[in-house]
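This report concerns only the one structure given below.
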Amino acid sequence: MIEARHLRVLRAVAATGSFSAAARELGCTQPAVSQQMKALEQSAGTPLLLRAGRETRLTEAGEALVRHAAGILAGLTAAEEEVAALAGLRAGRVRLVSFPSGSSTLVPTAVAAMRRDHPGTRVSLVEAEPPRSVEMLRAGDCEIALAFRYTPSPEWDDLVVRPLLTDRLMALVPEDHPFADAAELGIATLAEEPWIAGCPRCRRHLVDVCEAAGFTPQIDFATDDYPAVVGLVGAGLGVAVLPELAVESVRRKGARAVRLVPAVQREVVALTLPDLERVPAVGAMLTRLEAAPGS
């Protein structure tokens with residue numbers, strides 16, 4: 001019989017490429033990893049790993065088992081959490097993954113409400129931008145992923161999607177810029193400016209929006225760090241477009257935010273797997289995210 005603990009070890013070996021690295025990730029010894037892999041191969045009745053020196057690769061059977069492992073472990077986690085939470089959410093856990101501006105605006109109020117109402121439920125948070133956050137959800141590394149998208153697409157069709165808010169994009173200009181005191185402006189007004197771009201997904205969207213307005217932005221700087229974007233704009237090194245959530249989460253020293261017209265916006269959502277949505281702790285956390293200020 002294939003055991004869940006063996007699948008977790010196999011996933012770690014596949015992700016890290018070696019028994020020793022998997023042991024470090026799992027917090028156990030290399031011999032323990034080796035023993036569990038031997039037990040898994042005996043259960044499977046076929047080799048799952050190929051070892052050549054320090055390198056460890058999956059066989060075709062190993063690759064097939066790793067593909068199925070995420071769904072199996074997610075279903076098992078859902079079952080374990082649902083059973084643990086039957087007595088009124090006195091136990092359980094929710095692991096959140098969020099992009100940075102969501103972490104600083106939506107998450108704190110929601111987590112505080114969850115801890116107040118269900119103190120026995122453990123809530124943790126790590127940060128990752130989509131699509132990495134969505135990959136972590138599908139891999140069983142979290143129960144809820146906060147993510148955003150600029151246009152509808154089928155990429156989340158296998159997931160439960162809870163809309164949280166529509167996040168408007170704002171132009172960010174130096175405080176001595178000719179349009180710093182404008183109530184609103186069109187993005188084409190900034191066509192000749194040097195640009196500071198954000199995360200890869202935001203960067204692609206910026207280029208798309210600018211090209212739809214008739215120009216290609218000259219991107220001089222790119223950074224995933226919102227305070228760095230503001231700092232570069234405040235120093236007069238260019239202009240930027242930031243989501244309103246990000247603008248609210250940073251100190252805008254030397255920079256001004258101006259509304260874009262026509263409105264450009266992104267959809268912010270909470271994602272989970274269908275099995276996990278039925279877990280009471282996960283459902284309760286989703287409800288509190290939906291009720292967070294700004295949602």
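Each chain of the structure tokens is named A, B, ... in the order shown, its residues numbered from 1; ligands are numbered from 1 in display order.
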Alpha helix (DSSP H) per DSSP on the backbone: members of segment 9-145 of chain A, as a PyMOL selection string: chain A and resi 9-16+19-26+30-44+60-84+100-105+107-117+132-138
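Residue neighbourhood of segment 122-126 of chain A, excluding near-sequence residues (fewer than 6 positions): Ala91, Gly92, Arg93, Val94, Arg95, Leu96, Val97, Ser98, Phe99, Ser103, Val107, Val111, Met114, Arg115 and Met285 of chain A, at 9 Å, using only C-alpha atoms.
Among the candidate residues A:Leu286, A:Leu245, A:Val230, A:Leu10, the one lying nearest to Thr166 of chain A is A:Leu245, with distances computed using only C-alpha atoms.
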I'd like to know which of A:Pro280, A:Gly71, A:Gly45, A:Pro200 is closest to Pro131 of chain A, using only C-alpha atoms. A:Pro200
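Residues in contact range of segment 53-62 of chain A, defined as at most 10 Å between only C-alpha atoms, with sequence neighbours fewer than 5 positions away removed, read A:Leu10, A:Arg11, A:Val13, A:Ala14, A:Thr16, A:Gly17, A:Ser18, A:Phe19, A:Ser20, A:Glu41, A:Ala44, A:Thr46, A:Pro47, A:Leu48, A:Arg67.
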Kindly export the residues of the current selection with N, CA and C atoms, as an mmCIF file, in the first residue's frame.
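Everything below was put into result-v7.cif:
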```
data_model
loop_
_atom_site.group_PDB
_atom_site.id
_atom_site.type_symbol
_atom_site.label_atom_id
_atom_site.label_comp_id
_atom_site.auth_asym_id
_atom_site.auth_seq_id
_atom_site.Cartn_x
_atom_site.Cartn_y
_atom_site.Cartn_z
ATOM 1 N N LEU A 10 8.671 11.533 -1.585
ATOM 2 C CA LEU A 10 8.937 11.465 -3.024
ATOM 3 C C LEU A 10 8.846 12.849 -3.658
ATOM 4 N N ARG A 11 7.843 13.615 -3.293
ATOM 5 C CA ARG A 11 7.713 14.977 -3.813
ATOM 6 C C ARG A 11 8.925 15.818 -3.443
ATOM 7 N N VAL A 13 11.978 14.775 -2.794
ATOM 8 C CA VAL A 13 13.140 14.310 -3.566
ATOM 9 C C VAL A 13 13.048 14.830 -4.997
ATOM 10 N N ALA A 14 11.851 14.767 -5.589
ATOM 11 C CA ALA A 14 11.672 15.246 -6.959
ATOM 12 C C ALA A 14 11.926 16.745 -7.054
ATOM 13 N N THR A 16 13.812 18.662 -4.976
ATOM 14 C CA THR A 16 15.161 19.099 -4.594
ATOM 15 C C THR A 16 16.265 18.420 -5.379
ATOM 16 N N GLY A 17 15.985 17.224 -5.921
ATOM 17 C CA GLY A 17 16.968 16.538 -6.744
ATOM 18 C C GLY A 17 17.923 15.634 -6.011
ATOM 19 N N SER A 18 17.772 15.497 -4.684
ATOM 20 C CA SER A 18 18.669 14.600 -3.959
ATOM 21 C C SER A 18 18.054 14.201 -2.635
ATOM 22 N N PHE A 19 18.529 13.083 -2.077
ATOM 23 C CA PHE A 19 18.047 12.618 -0.782
ATOM 24 C C PHE A 19 18.457 13.586 0.331
ATOM 25 N N SER A 20 19.695 14.084 0.253
ATOM 26 C CA SER A 20 20.177 14.956 1.327
ATOM 27 C C SER A 20 19.407 16.265 1.350
ATOM 28 N N GLU A 41 9.047 2.170 -3.233
ATOM 29 C CA GLU A 41 9.319 1.387 -4.435
ATOM 30 C C GLU A 41 8.843 -0.061 -4.272
ATOM 31 N N ALA A 44 5.131 0.129 -4.760
ATOM 32 C CA ALA A 44 4.773 0.382 -6.153
ATOM 33 C C ALA A 44 5.118 -0.801 -7.047
ATOM 34 N N THR A 46 7.939 -1.218 -8.629
ATOM 35 C CA THR A 46 8.774 -0.807 -9.750
ATOM 36 C C THR A 46 9.699 0.311 -9.280
ATOM 37 N N PRO A 47 10.875 0.483 -9.879
ATOM 38 C CA PRO A 47 11.758 1.592 -9.494
ATOM 39 C C PRO A 47 11.106 2.941 -9.790
ATOM 40 N N LEU A 48 11.290 3.866 -8.891
ATOM 41 C CA LEU A 48 10.744 5.220 -9.037
ATOM 42 C C LEU A 48 11.842 6.257 -9.225
ATOM 43 N N ARG A 67 2.984 13.253 -10.268
ATOM 44 C CA ARG A 67 1.867 14.014 -10.848
ATOM 45 C C ARG A 67 0.596 13.819 -10.035
#
```
Name the closest residue to Cys199 of chain A among the candidates A:Glu244, A:Ser101, A:Pro174, A:Ala180; distances are taken between atoms, counting only C-alpha atoms. A:Ser101
One residue among A:Val233, A:Leu273, A:Leu146, A:Glu155 is nearest to Ala70 of chain A when using only C-alpha atoms, and that residue is A:Leu273
Quote the spacing between atom CA of Ala78 of chain A and atom CA of Arg162 of chain A in Å to one decimal place. 18.2 Å
Which residues are near Arg8 of chain A? Cut-off 12 Å, only C-alpha atoms, ignore same chain within fewer than 5 positions. Put them as a VMD selection string. chain A and resid 2 to 3 13 to 15 22 to 23 25 to 26 33 36 to 37 40 65 to 66 68 to 74 76 to 77 139 to 141
Atomic separation - atom CA of Asp157 of chain A relative to atom CA of Asp275 of chain A, Å: 14.3 Å
Have a look at atom CA of Ala52 of chain A and atom CA of His6 of chain A and let me know their distance in Å, one decimal. 21.5 Å
Applying 12 Å and only C-alpha atoms, which residues near Ala263 of chain A remain after dropping the ones on its own chain fewer than 2 positions away? List them as a PyMOL selection string. chain A and resi 166-171+184-187+209+243-244+258-261+265-266
Now that the selection is made, can you save its residues with C-alpha atoms as a JSON list (two decimals), in the first residue's frame?
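And here is the file that came out, again24.json:
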```json
[["chain", "number", "residue", "atom", "x", "y", "z"],
["A", 166, "THR", "CA", -11.60, 45.16, -7.99],
["A", 167, "ASP", "CA", -8.27, 46.94, -7.60],
["A", 168, "ARG", "CA", -7.90, 50.08, -9.72],
["A", 169, "LEU", "CA", -4.48, 50.96, -11.16],
["A", 170, "MET", "CA", -3.04, 54.40, -10.40],
["A", 171, "ALA", "CA", -0.39, 56.42, -12.19],
["A", 184, "GLU", "CA", -6.94, 62.06, -13.48],
["A", 185, "LEU", "CA", -4.98, 61.45, -16.66],
["A", 186, "GLY", "CA", -4.80, 59.11, -19.62],
["A", 187, "ILE", "CA", -1.85, 56.77, -19.76],
["A", 209, "VAL", "CA", -2.08, 48.75, -21.74],
["A", 243, "PRO", "CA", -2.48, 48.95, -8.03],
["A", 244, "GLU", "CA", -4.41, 51.04, -5.51],
["A", 258, "VAL", "CA", -3.23, 60.04, -10.00],
["A", 259, "ARG", "CA", -6.28, 58.13, -11.24],
["A", 260, "LEU", "CA", -6.03, 56.68, -14.74],
["A", 261, "VAL", "CA", -8.82, 57.20, -17.28],
["A", 265, "GLN", "CA", -8.10, 47.49, -13.01],
["A", 266, "ARG", "CA", -7.35, 43.99, -11.83]]
```
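Proximity of A:Arg204, A:Val239, A:Tyr226, A:Val9 to Ala191 of chain A, computed with only C-alpha atoms, is greatest for A:Val239.
With distances restricted to only C-alpha atoms, A:Glu267 is the closest residue to Pro152 of chain A from A:Glu248, A:Glu82, A:Glu267, A:Glu192.
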Any idea what's packed within 6 Å of Leu172 of chain A, counting only C-alpha atoms, ignoring anything in its chain fewer than 4 positions away? Could you give it as a ChimeraX atom specification? /A:239-241,256-257
